[in-house]
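First comes the structure, then the notes that go with it.
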Amino acid sequence: MTATLEETAPAAAAGEIPSFEVTIRVLRYSPESEHGTSSYWDEHTLTMYGTDRVLDALHKIKWEQDGSLTFRRSCAHGICGSDAMRINGRNRLACKTLLKDLNISKPITVEPIKGLPVIKDLVVDMEPFFASYREIMPFLITSGNEPSSERIQSPAQREVYDDTTKCILCAACTSSCPVFWTDGQYFGPAAIVNAHRFIFDSRDDGATQRLEILNDKEGVWRCRTTFNCTEACPRGIEVTKAIQEVKRAMITRAF
Ligand code: SF4
Ligand code: FES
């Protein structure tokens, strides 16, 4: 049963943010340490506040207890996509996950995202992920002469691919996909989402090329519609729906 903050935190005076004790278990990997190439669990008990996120807990560990803890983060506000990690077994952004929304009566586990090589602690090698992203040509492709005025698009035409413009390339979807775990060659949901963003853009002329790329044996047909990607996306993108739309466009050539 999940213990709420109200049940576990000491009563705070009016206007005070309630504090509580929480244990964070981090899966560490540090080949140059005495642990060599074996990963190991590291535990820290911290006093945190009702407004703190998992990222704040990681900062507290790094800044006050163990400076060797390694993780990526930049914006700290759910925009840059650099701090996707497995928190209590689910892919999330550490900067968007409030501690009080987790079960703080038990240790909170933090692990690197799966399916990509771990470099150190929570930092994975994102290159295979970005290689797939580059392959789908994530830029506007136009044919013919340069236009003499702006390329007009109606609100209805923009709406068709609005959802997939929200991607921040955090890899939470791709690294939650069981097909990607077993076959790192699979393009993965994020690459397909970003292909969708251009395939359905009325100003773009590269849809046929992108669909041919995704028609590959490592392309969209590997998707098993498990919905892990949709559940993992911190931007609320309907990832599985976007993949289905790309599959349909491949068959009907309607885009
Ligand atoms: S689709 Fe969502 S989960 Fe996947 S990379 Fe983009 S923002 Fe992250
Ligand atoms: S630090 Fe930028 S999205 Fe979390």
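Order determines the names: the first chain of the structure tokens is A, the second B, and so forth; residues in each chain are numbered 1 upward, and ligands are numbered 1 upward as they are shown.
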Please identify every residue of chain A that has at least one atom no farther than 8 Å from an atom of ligand 2, counting only C-alpha atoms and all ligand atoms, and for each give the shortest atom pair and the distance in Å to one decimal, arranged by chain then increasing number, as a Markdown table.
| residue | atom | partner | partner_atom_place_in_ligand_line | distance |
| --- | --- | --- | --- | --- |
| A:Leu55 | CA | ligand 2 | 4 (Fe) | 7.9 |
| A:Arg72 | CA | ligand 2 | 1 (S) | 7.4 |
| A:Arg73 | CA | ligand 2 | 1 (S) | 4.0 |
| A:Ser74 | CA | ligand 2 | 1 (S) | 4.4 |
| A:Cys75 | CA | ligand 2 | 2 (Fe) | 3.9 |
| A:Ala76 | CA | ligand 2 | 1 (S) | 3.5 |
| A:His77 | CA | ligand 2 | 2 (Fe) | 5.4 |
| A:Gly78 | CA | ligand 2 | 3 (S) | 3.4 |
| A:Ile79 | CA | ligand 2 | 3 (S) | 4.4 |
| A:Cys80 | CA | ligand 2 | 2 (Fe) | 3.8 |
| A:Gly81 | CA | ligand 2 | 3 (S) | 3.8 |
| A:Ser82 | CA | ligand 2 | 2 (Fe) | 5.2 |
| A:Asp83 | CA | ligand 2 | 4 (Fe) | 4.7 |
| A:Ala84 | CA | ligand 2 | 4 (Fe) | 7.0 |
| A:Leu93 | CA | ligand 2 | 4 (Fe) | 5.4 |
| A:Ala94 | CA | ligand 2 | 4 (Fe) | 6.0 |
| A:Cys95 | CA | ligand 2 | 4 (Fe) | 4.5 |
| A:Lys96 | CA | ligand 2 | 4 (Fe) | 6.7 |
| A:Ile168 | CA | ligand 2 | 3 (S) | 7.9 |
| A:Cys170 | CA | ligand 2 | 3 (S) | 7.5 |
Could the residues in this selection be written to a file with C-alpha atoms, as a PDB file, in the first residue's frame?
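Just written: again31.pdb:
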ATOM      1  CA  LEU A  55      16.226  15.155  -9.126  1.00  0.00           C
ATOM      2  CA  ARG A  72      22.601  13.862 -16.597  1.00  0.00           C
ATOM      3  CA  ARG A  73      20.355  16.849 -16.167  1.00  0.00           C
ATOM      4  CA  SER A  74      20.176  20.316 -17.588  1.00  0.00           C
ATOM      5  CA  CYS A  75      16.942  22.324 -17.502  1.00  0.00           C
ATOM      6  CA  ALA A  76      15.452  20.676 -14.392  1.00  0.00           C
ATOM      7  CA  HIS A  77      12.005  21.588 -15.740  1.00  0.00           C
ATOM      8  CA  GLY A  78      10.943  18.789 -18.075  1.00  0.00           C
ATOM      9  CA  ILE A  79      12.145  20.460 -21.268  1.00  0.00           C
ATOM     10  CA  CYS A  80      15.631  19.246 -22.201  1.00  0.00           C
ATOM     11  CA  GLY A  81      14.922  15.504 -21.873  1.00  0.00           C
ATOM     12  CA  SER A  82      18.302  14.660 -20.348  1.00  0.00           C
ATOM     13  CA  ASP A  83      17.258  13.047 -17.040  1.00  0.00           C
ATOM     14  CA  ALA A  84      15.110  10.088 -18.076  1.00  0.00           C
ATOM     15  CA  LEU A  93      12.032  12.288 -15.834  1.00  0.00           C
ATOM     16  CA  ALA A  94      13.682  12.793 -12.427  1.00  0.00           C
ATOM     17  CA  CYS A  95      12.894  16.515 -12.604  1.00  0.00           C
ATOM     18  CA  LYS A  96       9.170  15.891 -13.093  1.00  0.00           C
ATOM     19  CA  ILE A 168      11.960  16.219 -26.234  1.00  0.00           C
ATOM     20  CA  CYS A 170      14.376  11.887 -23.698  1.00  0.00           C
TER      21      CYS A 170
END
Inset, instruction - Select from stretch 16-233 of chain A everything DSSP, run on the backbone, classes as helix (DSSP H, G or I), then give the selection as a PyMOL selection string. - result: chain A and resi 54-65+94-96+99-101+127-135+155-159+163-166+174-176+178-182+189-199+207-214+220-222+228-232
Inset, instruction - Identify, counting only C-alpha atoms and all ligand atoms, the protein, DNA and RNA residues located within 8 Å of ligand 1, and give them as a PyMOL selection string. - result: chain A and resi 81+164+166-174+189-191+193-194+229-230+232-239
Expected file: the selected residues, C-alpha atoms, as a CSV table (one decimal), in the first residue's frame:
chain,number,residue,atom,x,y,z
A,81,GLY,CA,14.9,15.5,-21.9
A,164,THR,CA,4.4,14.5,-32.2
A,166,LYS,CA,6.1,17.8,-28.4
A,167,CYS,CA,8.9,15.2,-28.3
A,168,ILE,CA,12.0,16.2,-26.2
A,169,LEU,CA,14.1,13.2,-27.2
A,170,CYS,CA,14.4,11.9,-23.7
A,171,ALA,CA,14.4,8.2,-24.8
A,172,ALA,CA,11.9,7.2,-22.1
A,173,CYS,CA,9.7,5.5,-24.7
A,174,THR,CA,12.4,3.7,-26.7
A,189,PRO,CA,9.3,4.6,-30.8
A,190,ALA,CA,11.1,8.0,-30.6
A,191,ALA,CA,12.5,7.8,-34.1
A,193,VAL,CA,7.4,9.7,-33.5
A,194,ASN,CA,9.9,12.1,-35.1
A,229,CYS,CA,6.0,3.8,-24.8
A,230,THR,CA,2.8,5.7,-24.4
A,232,ALA,CA,6.4,6.2,-20.4
A,233,CYS,CA,6.2,9.5,-22.4
A,234,PRO,CA,6.6,12.4,-20.0
A,235,ARG,CA,5.1,14.7,-22.6
A,236,GLY,CA,1.9,12.7,-22.8
A,237,ILE,CA,2.4,12.0,-26.5
A,238,GLU,CA,0.2,9.2,-27.9
A,239,VAL,CA,3.3,7.3,-29.1
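Minimum atom-to-atom distance to A:Met137, evaluated using only C-alpha atoms, belongs to A:Phe198 out of A:Phe198, A:Tyr161, A:Phe180, A:Phe187.
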Inset, instruction - Can you work out the spacing between atom CA of A:Gly115 and atom CA of A:Pro138 in Å, to one decimal? - result: 22.5 Å
Inset, instruction - Looking only at strand (DSSP E) from DSSP on the backbone, list the matching residues of stretch 88-171 of chain A as a list in words. - result: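 DSSP-assigned strand (DSSP E) residues in stretch 88-171 of chain A: Arg90, Asn91, Arg92, Leu93, Ile108, Thr109, Val110, Glu111, Val118, Ile119, Lys120, Val123 and Val124 of chain A.
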Legend entry - Who sits within 10 Å of A:Thr51, only C-alpha atoms, same chain under 3 positions skipped, as number ranges by chain: A: 17-19, 48, 56, 98-100
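In this structure, atom CA of A:Thr165 sits 26.9 Å away from atom CA of A:Leu122.
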Legend entry - A:Arg203, A:Arg197, A:Arg253, A:Arg28 ranked by distance to A:Thr109, top pick (using only C-alpha atoms): A:Arg28
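Restricting the calculation to only C-alpha atoms, the smallest distance between A:Phe255 and any of A:Val123, A:Thr240, A:Trp221, A:Asp201 is found for A:Asp201.
Proximity to A:Arg224 was assessed for A:Ile152, A:Val179, A:Ile199, A:Ile104 counting only C-alpha atoms; the smallest distance is recorded for A:Val179.
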Inset, instruction - Could you check which of A:Arg92, A:Lys217, A:Arg25, A:Arg151 is closest to A:Asp42, using only C-alpha atoms? - result: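 Smallest distance to A:Asp42 is found for A:Arg25.
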Legend entry - Computed interatomic separation between atom CA of A:Ile141 and atom CA of A:Gln153 (Å): 15.4 Å
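Residue nearest A:Ser39 within the list A:Gly15, A:Pro107, A:Pro112, A:Pro128: A:Pro112 [criterion: smallest interatomic distance, only C-alpha atoms].
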Inset, instruction - Write out as JSON, numbers by chain each polymer residue whose atoms come within 7 Å of A:Gly219, counting only C-alpha atoms; drop sequence neighbours fewer than 4 positions from it. - result: {"A": [186, 187, 214, 215]}
Please produce a file of the residues just selected, as a PDB file, in the first residue's frame, where the atoms kept are C-alpha atoms.
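Contents of the output file selection-v3.pdb:
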ATOM      1  CA  TYR A 186      14.984  -1.556 -33.940  1.00  0.00           C
ATOM      2  CA  PHE A 187      14.412   2.121 -34.744  1.00  0.00           C
ATOM      3  CA  LEU A 214      10.792   2.697 -41.738  1.00  0.00           C
ATOM      4  CA  ASN A 215       9.549  -0.184 -43.914  1.00  0.00           C
TER       5      ASN A 215
END
Name all residues at most 8 Å from A:Asp205 (count only C-alpha atoms; drop same-chain ones fewer than 6 positions away) and give them as a CSV table (one decimal) with C-alpha atoms, in the first residue's frame.
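result.csv was written with the following content:
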chain,number,residue,atom,x,y,z
A,140,LEU,CA,11.9,19.6,-43.5
A,141,ILE,CA,12.5,18.2,-47.1
A,142,THR,CA,11.1,20.2,-49.9
A,143,SER,CA,11.2,19.8,-53.7
